[in-house]
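Q: Can you read through this structure? Questions will come right after.
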Amino acid sequence: MTSPILLYEHPLSPYAQKIRILLREKGLAFEFRTPEAIGTGGPNPTLAQLNPRFEVPALQHGGVTLFDSTIILEYLEETFPEPAMMPKAPIDRARMRTIEEVCDTHWEAINWGLGEIRFFGRGGAELGPVLRRAAEVQVGHMHAWLGRLFGARPWLAGDRFGWGDLAALPYVTMSSMFGIEPAAGSGLADWLARGRARPSVAKTVEEALATIPAMEGVSQWVKSGLFKRQFRDHRLEWMIRSGGLQVVVDGLKNDDIRFTDTARFADGA
Ligand SMILES: N[C@@H](CCC(=O)N[C@@H](CS)C(=O)NCC(=O)O)C(=O)O
């Protein structure tokens with residue numbers, strides 16, 4: 001009997017969505033849980049046991065706990081090799097890794113910024129629209145980049161749906177959730193429609209969309225000091241380069257943003 005697979009996550013997290021899609025493509029049964037108070041930056045006994053970065057996703061399987069979506073995907077691919085999500089040819093693997101790297105860093109930061117504006121009210125009435133406009137332009141850049149990667153093949157890094165596709169779909173669909181779509185009739189729009197038609201992706205997107213109504217009230221929690229948002233690496237860079245330095249300054253002053261705390265690695269999480 002195989003050990004149960006337990007995924008700690010949040011349905012809106014694109015990192016967690018990559019894993020959900022892979023698990024579903026492989027037909028693996030799994031349970032998922034959202035740790036209490038995820039994203040608040042406050043004391044969190046569950047996350048303290050799972051990940052010193054206090055982030056989801058984290059995976060428990062066979063007595064081990066892992067964090068970081070790419071590491072988890074690699075572990076699952078190696079543990080459950082069939083059907084393979086990783087393409088065979090070295091050049092396709094390199095392409096797949098490039099797609100994942102760029103989407104996890106630059107594209108994710110733009111979507112995160114859109115969430116800070118829409119759900120957390122960052123920037124207010126004046127700076128908020130400026131940041132939103134910057135994000136729209138930048139998503140256009142990402143659409144252009146991803147669209148150029150299609151050759152004669154229907155999927156991003158191989159003849160079959162695979163890792164390259166599951167690494168990009170969460171980001172493209174998240175931008176769509178914020179109303180920024182690939183150009184109608186483009187190869188990218190066609191790929192997105194075909195990707196979203198797959199049961200693994202359709203279910204994952206449906207679960208993400210179901211959490212949106214609950215997100216609409218969270219800006220109040222930031223104002224009341226309940227939430228300390230994580231402004232890490234590429235996200236922090238996004239906010240500054242898009243014109244939101246004042247958001248960072250205000251966040252530090254109001255103590256409602258946070259960075260990675262290396263003390264948590266020492267604590268032995
Ligand atoms: N590099 C990590 C990034 C994970 C990450 O940033 N997760 C976010 C959710 S999308 C998180 O849990 N943030 C904690 C917070 O917002 O407090 C991965 O690939 O898994």
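Just remember, in the structure tokens the first chain shown is A, the second B, etc., residues are 1-based per chain, and ligands are 1-based in the order shown.
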Name all residues at most 8 Å from Met142 (chain A) (count only C-alpha atoms; drop same-chain ones fewer than 4 positions away) and give them as a PyMOL selection string.
A: chain A and resi 107+138+146
Q: With a cut-off of 9 Å, could you pull out the residues of chain A touching ligand 1 and give me the nearest pair of atoms for each, distance in Å to one decimal, using only C-alpha atoms and all ligand atoms, ordered by chain and ascending number, as a tab-separated table?
A:
residue	atom	partner	partner_atom_place_in_ligand_line	distance
A:Glu9	CA	ligand 1	12 (O)	7.4
A:His10	CA	ligand 1	9 (C)	7.0
A:Leu12	CA	ligand 1	10 (S)	7.1
A:Ser13	CA	ligand 1	10 (S)	3.9
A:Pro14	CA	ligand 1	10 (S)	5.9
A:Tyr15	CA	ligand 1	20 (O)	5.2
A:Ala16	CA	ligand 1	20 (O)	7.1
A:Ala37	CA	ligand 1	17 (O)	8.7
A:Ile38	CA	ligand 1	17 (O)	5.8
A:Gly39	CA	ligand 1	17 (O)	3.1
A:Thr40	CA	ligand 1	17 (O)	5.6
A:Gly41	CA	ligand 1	17 (O)	5.2
A:Gly42	CA	ligand 1	17 (O)	8.6
A:Arg53	CA	ligand 1	14 (C)	7.6
A:Phe54	CA	ligand 1	14 (C)	5.8
A:Glu55	CA	ligand 1	12 (O)	3.1
A:Val56	CA	ligand 1	12 (O)	3.9
A:Pro57	CA	ligand 1	20 (O)	5.3
A:Ala58	CA	ligand 1	20 (O)	7.5
A:Phe67	CA	ligand 1	20 (O)	6.3
A:Asp68	CA	ligand 1	20 (O)	3.4
A:Ser69	CA	ligand 1	20 (O)	3.7
A:Thr70	CA	ligand 1	19 (O)	5.7
A:Ile71	CA	ligand 1	19 (O)	7.9
A:Ile72	CA	ligand 1	20 (O)	8.2
A:Asp104	CA	ligand 1	19 (O)	6.8
A:Thr105	CA	ligand 1	1 (N)	8.4
A:Glu108	CA	ligand 1	10 (S)	8.3
A:Trp112	CA	ligand 1	10 (S)	8.0
A:Phe227	CA	ligand 1	17 (O)	8.7
A:Lys228	CA	ligand 1	17 (O)	7.3
A:Arg229	CA	ligand 1	16 (O)	5.7
A:Gln230	CA	ligand 1	16 (O)	4.8
A:Phe231	CA	ligand 1	16 (O)	8.1
A:Arg232	CA	ligand 1	6 (O)	7.9
A:Arg258	CA	ligand 1	17 (O)	8.3
Q: May I have the selected residues written with N, CA and C atoms, as a compact mmCIF listing (two decimals), in the first residue's frame?
A:
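Saved as part.txt:
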# COMPACT_ATOMS: atom_id res chain seq x y z
N GLU A 9 -1.53 23.69 1.30
CA GLU A 9 -1.55 24.63 0.20
C GLU A 9 -2.66 25.64 0.37
N HIS A 10 -2.79 26.52 -0.59
CA HIS A 10 -3.97 27.37 -0.71
C HIS A 10 -4.38 27.29 -2.17
N LEU A 12 -5.50 29.25 -4.27
CA LEU A 12 -5.13 30.37 -5.15
C LEU A 12 -3.62 30.41 -5.42
N SER A 13 -2.85 29.66 -4.68
CA SER A 13 -1.40 29.68 -4.87
C SER A 13 -1.03 28.99 -6.19
N PRO A 14 -0.40 29.72 -7.11
CA PRO A 14 -0.02 29.09 -8.39
C PRO A 14 0.99 27.96 -8.17
N TYR A 15 1.82 28.12 -7.13
CA TYR A 15 2.81 27.07 -6.83
C TYR A 15 2.09 25.78 -6.45
N ALA A 16 1.04 25.92 -5.65
CA ALA A 16 0.28 24.73 -5.26
C ALA A 16 -0.51 24.19 -6.46
N ALA A 37 -4.60 30.39 9.24
CA ALA A 37 -3.96 31.71 9.25
C ALA A 37 -2.81 31.83 8.24
N ILE A 38 -2.91 31.11 7.12
CA ILE A 38 -1.87 31.22 6.09
C ILE A 38 -1.86 32.65 5.53
N GLY A 39 -0.68 33.19 5.34
CA GLY A 39 -0.57 34.53 4.75
C GLY A 39 -0.64 35.66 5.75
N THR A 40 -0.96 35.35 7.01
CA THR A 40 -1.08 36.44 7.98
C THR A 40 0.29 36.85 8.51
N GLY A 41 1.26 35.92 8.44
CA GLY A 41 2.58 36.21 9.00
C GLY A 41 2.60 36.07 10.51
N GLY A 42 1.49 35.68 11.09
CA GLY A 42 1.42 35.53 12.55
C GLY A 42 1.87 34.16 12.98
N ARG A 53 10.08 28.90 5.73
CA ARG A 53 9.70 30.13 5.02
C ARG A 53 8.26 30.52 5.32
N PHE A 54 7.55 29.65 6.02
CA PHE A 54 6.13 29.88 6.33
C PHE A 54 5.31 30.07 5.06
N GLU A 55 5.59 29.22 4.09
CA GLU A 55 4.86 29.30 2.82
C GLU A 55 4.24 27.95 2.52
N VAL A 56 3.21 27.99 1.67
CA VAL A 56 2.72 26.79 1.02
C VAL A 56 3.17 26.89 -0.45
N PRO A 57 3.29 25.76 -1.13
CA PRO A 57 2.95 24.40 -0.75
C PRO A 57 4.04 23.70 0.06
N ALA A 58 3.56 22.72 0.85
CA ALA A 58 4.45 21.75 1.48
C ALA A 58 3.79 20.39 1.31
N PHE A 67 9.24 21.19 1.06
CA PHE A 67 8.65 22.45 0.63
C PHE A 67 9.34 22.94 -0.61
N ASP A 68 8.71 23.86 -1.27
CA ASP A 68 9.09 24.47 -2.55
C ASP A 68 8.51 23.64 -3.71
N SER A 69 7.71 24.32 -4.53
CA SER A 69 6.93 23.61 -5.54
C SER A 69 7.80 22.82 -6.53
N THR A 70 8.92 23.39 -6.95
CA THR A 70 9.74 22.68 -7.95
C THR A 70 10.32 21.40 -7.33
N ILE A 71 10.77 21.53 -6.09
CA ILE A 71 11.34 20.35 -5.40
C ILE A 71 10.26 19.28 -5.22
N ILE A 72 9.05 19.73 -4.89
CA ILE A 72 7.95 18.77 -4.71
C ILE A 72 7.59 18.11 -6.04
N ASP A 104 7.60 31.26 -12.36
CA ASP A 104 7.61 31.28 -10.88
C ASP A 104 8.17 32.58 -10.31
N THR A 105 8.94 33.29 -11.10
CA THR A 105 9.60 34.49 -10.57
C THR A 105 8.91 35.75 -11.11
N GLU A 108 4.80 35.42 -11.71
CA GLU A 108 4.12 35.31 -10.42
C GLU A 108 4.09 36.65 -9.70
N TRP A 112 0.89 38.56 -8.30
CA TRP A 112 0.86 38.89 -6.87
C TRP A 112 0.56 40.38 -6.69
N PHE A 227 -3.11 40.98 9.32
CA PHE A 227 -2.37 40.39 8.21
C PHE A 227 -1.04 41.10 8.03
N LYS A 228 0.02 40.33 7.87
CA LYS A 228 1.31 40.88 7.49
C LYS A 228 1.69 40.20 6.20
N ARG A 229 1.60 40.91 5.10
CA ARG A 229 1.81 40.28 3.80
C ARG A 229 3.29 40.06 3.52
N GLN A 230 3.53 38.95 2.82
CA GLN A 230 4.91 38.58 2.53
C GLN A 230 5.39 39.32 1.26
N PHE A 231 6.35 40.23 1.42
CA PHE A 231 6.92 40.97 0.29
C PHE A 231 8.31 40.39 0.01
N ARG A 232 8.36 39.21 -0.58
CA ARG A 232 9.67 38.58 -0.74
C ARG A 232 10.24 38.79 -2.15
N ARG A 258 6.05 41.82 5.49
CA ARG A 258 7.15 41.07 6.13
C ARG A 258 8.05 40.46 5.05
Q: For the contact check between region 200-239 of chain A and region 24-27 of chain A, emit one row per residue of region 200-239 of chain A within 10 Å, containing the shortest atom pair and the distance in Å rounded to one decimal, counting only C-alpha atoms, chain then rising number order, as a Markdown table.
A:
| residue | atom | partner | partner_atom | distance |
| --- | --- | --- | --- | --- |
| A:Ser200 | CA | A:Arg24 | CA | 5.2 |
| A:Val201 | CA | A:Arg24 | CA | 8.4 |
| A:Lys203 | CA | A:Arg24 | CA | 9.2 |
| A:Thr204 | CA | A:Arg24 | CA | 9.1 |
Q: Would you list the contacts of region 130-137 of chain A as a PyMOL selection string, taking every protein, DNA or RNA residue within 10 Å and counting only C-alpha atoms, but skipping same-chain residues closer than 5 positions in sequence?
A: chain A and resi 107+109-118+122-123+125+142-143+175+178-181+238-239+241-244
Q: Keeping only C-alpha atoms, write the selected residues as an mmCIF file, in the first residue's frame.
A:
data_model
loop_
_atom_site.group_PDB
_atom_site.id
_atom_site.type_symbol
_atom_site.label_atom_id
_atom_site.label_comp_id
_atom_site.auth_asym_id
_atom_site.auth_seq_id
_atom_site.Cartn_x
_atom_site.Cartn_y
_atom_site.Cartn_z
ATOM 1 C CA TRP A 107 5.105 36.326 -13.943
ATOM 2 C CA ALA A 109 5.287 38.665 -9.083
ATOM 3 C CA ILE A 110 3.005 40.521 -11.498
ATOM 4 C CA ASN A 111 -0.046 38.453 -10.515
ATOM 5 C CA TRP A 112 0.864 38.886 -6.873
ATOM 6 C CA GLY A 113 0.982 42.655 -7.427
ATOM 7 C CA LEU A 114 -2.473 42.509 -9.024
ATOM 8 C CA GLY A 115 -3.693 40.689 -5.899
ATOM 9 C CA GLU A 116 -2.113 43.260 -3.569
ATOM 10 C CA ILE A 117 -3.983 45.991 -5.426
ATOM 11 C CA ARG A 118 -7.330 44.237 -5.832
ATOM 12 C CA ARG A 122 -2.403 48.563 -1.819
ATOM 13 C CA GLY A 123 -1.766 51.911 -3.434
ATOM 14 C CA ALA A 125 -7.242 55.268 -5.204
ATOM 15 C CA MET A 142 4.786 37.706 -20.621
ATOM 16 C CA HIS A 143 2.058 36.749 -23.107
ATOM 17 C CA SER A 175 -3.733 36.824 -15.037
ATOM 18 C CA PHE A 178 -7.559 39.557 -13.041
ATOM 19 C CA GLY A 179 -9.058 40.299 -16.464
ATOM 20 C CA ILE A 180 -5.861 40.223 -18.539
ATOM 21 C CA GLU A 181 -6.307 37.689 -21.332
ATOM 22 C CA TRP A 238 7.928 44.122 -8.689
ATOM 23 C CA MET A 239 6.411 46.590 -6.275
ATOM 24 C CA ARG A 241 10.043 48.743 -10.176
ATOM 25 C CA SER A 242 6.361 49.258 -10.944
ATOM 26 C CA GLY A 243 6.232 52.514 -8.997
ATOM 27 C CA GLY A 244 5.092 51.232 -5.596
#
Q: Could you state the separation of CA of Gly158 (chain A) and CA of Ala184 (chain A) in Å, given to one decimal place?
A: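 The value is 23.7 Å.
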Q: Pick out the residues sitting within 12 Å of Ala89 (chain A), and hand them over as a ChimeraX atom specification; count only C-alpha atoms, and ignore anything fewer than 3 positions along from it in its own chain.
A: /A:86,92-96,157-159
Q: Output the selection as a PDB file, in the first residue's frame - C-alpha atoms for each residue.
A:
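Now in again37.pdb:
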ATOM      1  CA  MET A  86       8.960  15.662 -17.771  1.00  0.00           C
ATOM      2  CA  ASP A  92      12.757  20.054 -24.090  1.00  0.00           C
ATOM      3  CA  ARG A  93      13.746  19.640 -20.441  1.00  0.00           C
ATOM      4  CA  ALA A  94      15.825  22.806 -20.623  1.00  0.00           C
ATOM      5  CA  ARG A  95      12.915  24.645 -22.213  1.00  0.00           C
ATOM      6  CA  MET A  96      10.491  23.332 -19.570  1.00  0.00           C
ATOM      7  CA  ALA A 157       7.729  21.578 -24.164  1.00  0.00           C
ATOM      8  CA  GLY A 158       6.880  18.387 -25.961  1.00  0.00           C
ATOM      9  CA  ASP A 159       4.323  16.610 -28.106  1.00  0.00           C
TER      10      ASP A 159
END
Q: What's the separation between CA of Glu77 (chain A) and CA of Tyr171 (chain A), in Å to one decimal place?
A: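 Computing it gives 21.0 Å between the two atoms.
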Q: Determine the nearest neighbour of Leu50 (chain A) from the options A:Leu6, A:Leu76, A:Ala29, A:Ala197, counting only C-alpha atoms.
A: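 Looking at the shortest contact to Leu50 (chain A), the residue is A:Leu6.
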Q: Rank A:Leu188, A:Leu59, A:Leu156, A:Val222 by their smallest atom-to-atom distance to Asp256 (chain A), using only C-alpha atoms, and report the top residue only.
A: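 Distance minimum relative to Asp256 (chain A) lands on A:Val222.
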Q: Just asking: which residues within region 59-250 of chain A are alpha helix (DSSP H) according to DSSP, as JSON, numbers by chain?
A: {"A": [69, 70, 71, 72, 73, 74, 75, 76, 77, 78, 79, 90, 91, 92, 93, 94, 95, 96, 97, 98, 99, 100, 101, 102, 108, 109, 110, 111, 112, 113, 114, 115, 116, 117, 118, 124, 125, 126, 127, 128, 129, 130, 131, 132, 133, 134, 135, 136, 137, 138, 139, 140, 141, 142, 143, 144, 145, 146, 147, 148, 163, 164, 165, 166, 167, 168, 169, 170, 171, 172, 173, 174, 175, 176, 177, 187, 188, 189, 190, 191, 192, 193, 194, 195, 196, 199, 200, 201, 202, 203, 204, 205, 206, 207, 208, 209, 212, 213, 214, 215, 218, 219, 220, 221, 222, 223, 233, 234, 235, 236, 237, 238, 239, 240, 241, 245, 246, 247, 248, 249, 250]}
Q: Can you pull out every residue within 7 Å of Pro35 (chain A), counting only C-alpha atoms, but drop anything in the same chain fewer than 4 positions away, and send it as a ChimeraX atom specification?
A: /A:8,46-47
Q: Point out the residue among A:Trp163, A:Trp155, A:Tyr75, A:Trp221 with the least atom-to-atom distance to Leu192 (chain A), counting only C-alpha atoms.
A: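 Of the candidates, the smallest distance to Leu192 (chain A) is held by A:Trp155.
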Q: Could you produce a table of the residues of region 11-55 of chain A lying within 7 Å of region 165-170 of chain A, with the nearest pair of atoms per residue and their separation in Å rounded to one decimal, using only C-alpha atoms, ordered by chain and increasing residue number, as JSON lines?
A:
{"residue": "A:Pro14", "atom": "CA", "partner": "A:Pro170", "partner_atom": "CA", "distance": 5.1}
{"residue": "A:Gln17", "atom": "CA", "partner": "A:Pro170", "partner_atom": "CA", "distance": 6.3}
{"residue": "A:Lys18", "atom": "CA", "partner": "A:Leu166", "partner_atom": "CA", "distance": 5.6}
{"residue": "A:Ile21", "atom": "CA", "partner": "A:Leu166", "partner_atom": "CA", "distance": 6.5}
Q: Suppose you want the space between CA of Leu73 (chain A) and CA of Ala208 (chain A); what is it in Å?
A: 19.3 Å
Q: With only C-alpha atoms as the atoms that count, which of A:Gly121, A:Leu236, A:Arg148, A:Val139 lies nearest to Gly217 (chain A)?
A: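 Nearest to Gly217 (chain A): A:Gly121.
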